[in-house]
Amino acid sequence: MTEVSATASISNAPKDAAAVILLRSNSDPNDPEVYWVKRSEGLAFLAGFHAFPGGQIDSTDSSIDVRNSPNQATSTMISGAARELFEELGILVVRGGETLTKGQRESLLDDLESGRMTWPALLAHYNLHLDADDFTFVGRWVTPPFNARRFDTWFFLARCPDKQEPKVIPGELESGEWIRASAAYQRWLENGVVAVPPTLHALKTLAGGITPNLVERFLARPAAHGEVVRRIEFRPNYICFPVRTPTRPPATHTNCYLVHTSQEILIFDPGSPYEEEQQVLAECVDSLIAEGRTVREIVITHLHPDHVGGVNALRDHLLGNVLVAAHSETADELPNIKVDRLIQDGETITLRGEPAISLQALHTPGHARGHLCFHDADHHALITGDNIVGLGSVLIDPPEGDMTKYLASLKRMRSIPNLSILFGGHGPAIATPYKKIDEYISHRLEREARILAAVQKGIAVPEEIVKVVYTDVSPKAYAMAERSVIAHLEKLSSEGHVQFDQNRYSAIR
Ligand SMILES: [Zn+2]
């Protein structure tokens with residue numbers, strides 16, 4: 001939705017975190033094996049993504065004395081990295097622990113997990129210590145501000161000690177495996193996994209071998225020094241480029257997508273009205289053009305200002321040399337944007353060049369009348385616009401919003417076979433498509449059942465219904481929630497469950 005709010009820039013400071021890129025001992029230095037994990041589907045952060053073990057620093061990490069550490073900050077991060085590695089994979093990279101048996105390590109882990117012993121107490125009790133020489137710092141990456149949860153993550157390379165074998169401890173992780181760095185990167189290239197930029201950068205760097213300049217290669221990008229990545233490739237050929245927009249909290253950015261082959265670029269939703277944001281997006285587009293591509297079209301998923309705010313600026317930047325395409329019901333509502341081509345339900349846009357990319361447009365109204373999603377059957381991907389988002393919730397605001405149509409659109413998206421990724425209008429990509437769509441549908445139906453129950457109890461106006469149904473949201477959000485209640489009531493009314501008379505709703509029994 002479109003609300004311009006002074007409170008849009010909510011505080012979302014990154015939290016300290018550490019991750020370990022675990023190398024298998026005795027693997028080929030020219031293409032080392034690394035242990036990567038698949039994150040559980042139920043997680044709030046990057047569910048279903050492939051990544052390295054790691055997590056948030058906890059309060060005990062700063063009390064650990066790490067030998068040979070240059071400073072306190074590094075010691076804290078190494079402690080967090082070592083602790084997470086132990087908690088998630090059972091791997092203990094410590095000095096003094098060489099004689100511990102597998103059974104002893106398991107019992108230590110149990111002490112830690114059960115809370116019988118803290119991490120510092122455990123190390124002290126068994127006379128173990130951490131040494132900075134066992135953890136090579138290879139970069140510090142900050143989660144882009146489009147995530148609900150953000151981390152400032154220090155990455156460390158560590159060698160898996162002999163006689164220890166990583167084992168995924170059920171919980172945050174679903175699975176894990178040793179894999180050659182080049183093979184892991186290849187899996188991503190073949191659309192087999194979803195990953196974030198630091199993971200991909202590490203795999204690509206390691207695939208170049210354990211060379212004397214390895215650390216230098218790891219650190220050779222501004223993003224490895226905490227500069228926020230702008231161009232995010234959760235999947236090959238789909239650049240997600242979040243731009244700051246006046247959108248609805250908790251979102252602060254809208255995702256522009258640059259879907260590209262060797263010859264063409266299709267640009268979805270350049271939404272920022274801010275000049276400096278338009279400028280960085282234009283630079284990214286220019287770099288793709290400089291590699292020999294042309295812009296096929298700018299495509300608008302739907303009419304909200306946070307999705308169209310930069311369309312004219314980008315067209316101007318490209319000297320007017322580009323068509324803008326949208327659904328007719330979107331084009332009709334955008335007097336200030338010249339829409340050159342109308343996109344109809346079912347039509348396919350096929351890009352020239354390699355790899356073959358065809359996107360089929362799906363008219364999926366509900367959030368907005370002319371809303372379009374785009375399905376790439378070859379790559380099992382769906383660009384969902386604001387119908388499904390990776391951050392925050394979707395507002396159905398009548399009369400533009402229509403709950404009956406929205407649920408029908410969600411069901412239509414649910415019926416698409418073999419999806420493995422959703423690219424939403426806000427937040428990170430979603431690697432658990434069907435789970436997410438099911439959650440959306442059941443969440444709406446649960447709300448609706450509670451709204452109907454409220455009306456059946458005699459609560460007759462949306463303003464009052466909100467208070468009994470949206471008990472989980474802050475009263476500040478009531479005005480917005482009321483729009484959703486009205487959308488549900490309209491649906492219930494069209495289905496003959498409630499009636500509306502003299503500004504009051506009542507149940508039809
Ligand atoms: Zn929207």
# chains A, B, ... in the order shown; residues from 1 in each chain; ligands from 1
call {"tool": "residues_near_ligand", "arguments": {"ligand": "ligand 1", "cutoff": "8 Å", "atoms": "only C-alpha atoms and all ligand atoms", "output": "ChimeraX atom specification"}}
result
/A:1-2,302-307,367-368,385-387,394-395,425
call {"tool": "select_by_dssp", "arguments": {"residues": "region 43-75 of chain A", "states": "alpha helix (DSSP H)", "output": "PyMOL selection string"}}
result
chain A and resi 72-75
call {"tool": "write_last_selection", "arguments": {"atoms": "N, CA and C atoms", "output": "PDB file, in the first residue's frame"}}
result
ATOM      1  N   GLN A  72      39.230  -7.065  21.775  1.00  0.00           N
ATOM      2  CA  GLN A  72      38.052  -7.609  22.436  1.00  0.00           C
ATOM      3  C   GLN A  72      36.929  -7.944  21.439  1.00  0.00           C
ATOM      4  N   ALA A  73      36.721  -7.055  20.470  1.00  0.00           N
ATOM      5  CA  ALA A  73      35.635  -7.285  19.504  1.00  0.00           C
ATOM      6  C   ALA A  73      35.844  -8.600  18.765  1.00  0.00           C
ATOM      7  N   THR A  74      37.076  -8.841  18.348  1.00  0.00           N
ATOM      8  CA  THR A  74      37.373 -10.084  17.627  1.00  0.00           C
ATOM      9  C   THR A  74      37.167 -11.290  18.546  1.00  0.00           C
ATOM     10  N   SER A  75      37.592 -11.157  19.798  1.00  0.00           N
ATOM     11  CA  SER A  75      37.421 -12.261  20.757  1.00  0.00           C
ATOM     12  C   SER A  75      35.947 -12.621  20.905  1.00  0.00           C
TER      13      SER A  75
END
call {"tool": "residues_around", "arguments": {"residues": "region 335-344 of chain A", "least_positions_apart": "5", "cutoff": "12 Å", "atoms": "only C-alpha atoms", "output": "MDAnalysis selection string"}}
result
chainID A and resid 296:303 305 308:316 320:330 349 359:364 370:374
call {"tool": "closest_atom_pairs", "arguments": {"of": "region 157-257 of chain A", "to": "region 467-490 of chain A", "cutoff": "12 Å", "atoms": "only C-alpha atoms", "output": "CSV"}}
result
residue,atom,partner,partner_atom,distance
A:Arg248,CA,A:Met480,CA,10.3
A:Pro249,CA,A:Ala477,CA,10.3
A:Pro250,CA,A:Ala477,CA,11.5
call {"tool": "residues_around", "arguments": {"residues": "region 182-192 of chain A", "least_positions_apart": "3", "cutoff": "8 Å", "atoms": "only C-alpha atoms", "output": "number ranges by chain"}}
result
A: 31, 179, 195, 200, 203-204, 206-207, 235-236, 379
call {"tool": "residues_around", "arguments": {"residues": "region 456-459 of chain A", "least_positions_apart": "3", "cutoff": "7 Å", "atoms": "only C-alpha atoms", "output": "MDAnalysis selection string"}}
result
chainID A and resid 452:453 464:465 506:507
call {"tool": "write_last_selection", "arguments": {"atoms": "C-alpha atoms", "output": "PDB file, in the first residue's frame"}}
result
ATOM      1  CA  LEU A 452     -17.821 -13.625  11.480  1.00  0.00           C
ATOM      2  CA  ALA A 453     -17.956 -14.867  15.067  1.00  0.00           C
ATOM      3  CA  GLU A 464     -15.356  -2.476  17.273  1.00  0.00           C
ATOM      4  CA  ILE A 465     -14.701  -5.722  15.424  1.00  0.00           C
ATOM      5  CA  SER A 506     -25.425  -8.411  11.238  1.00  0.00           C
ATOM      6  CA  ALA A 507     -25.167 -12.146  10.757  1.00  0.00           C
TER       7      ALA A 507
END
call {"tool": "residues_around", "arguments": {"residues": "Tyr274 (chain A)", "least_positions_apart": "4", "cutoff": "9 Å", "atoms": "only C-alpha atoms", "output": "list in words"}}
result
Val243, Arg244, Thr245, Gln278, Gln279, Gly309 and Gly310 of chain A
call {"tool": "write_last_selection", "arguments": {"atoms": "C-alpha atoms", "output": "CSV table (one decimal), in the first residue's frame"}}
result
chain,number,residue,atom,x,y,z
A,243,VAL,CA,15.2,0.8,-3.3
A,244,ARG,CA,14.1,3.0,-0.5
A,245,THR,CA,10.5,4.1,-0.9
A,278,GLN,CA,17.0,6.2,-8.7
A,279,GLN,CA,20.6,7.0,-9.4
A,309,GLY,CA,7.7,6.1,-8.2
A,310,GLY,CA,10.8,5.7,-10.3
call {"tool": "select_by_dssp", "arguments": {"residues": "region 140-358 of chain A", "states": "strand (DSSP E)", "output": "MDAnalysis selection string"}}
result
chainID A and resid 140:142 151:159 173:180 232:235 238:244 253:260 264:268 294:299 323:326 341:342 348:351 357:358
call {"tool": "residues_around", "arguments": {"residues": "Ala220 (chain A)", "least_positions_apart": "6", "cutoff": "10 Å", "atoms": "only C-alpha atoms", "output": "list in words"}}
result
Val138, Gly139 and Leu214 of chain A
call {"tool": "closest_residue", "arguments": {"among": "A:Arg83, A:Arg150, A:Arg24, A:Lys411", "to": "Leu109 (chain A)", "atoms": "only C-alpha atoms"}}
result
A:Arg83
call {"tool": "closest_residue", "arguments": {"among": "A:His225, A:Lys15, A:Arg447, A:Arg105", "to": "Gln164 (chain A)", "atoms": "only C-alpha atoms"}}
result
A:Arg105
call {"tool": "atom_distance", "arguments": {"atom1": "CA of Ala148 (chain A)", "atom2": "CA of Leu43 (chain A)"}}
result
12.6 Å
call {"tool": "atom_distance", "arguments": {"atom1": "CA of Ile232 (chain A)", "atom2": "CA of Pro197 (chain A)"}}
result
6.4 Å
call {"tool": "atom_distance", "arguments": {"atom1": "CA of Val142 (chain A)", "atom2": "CA of Glu227 (chain A)"}}
result
6.8 Å
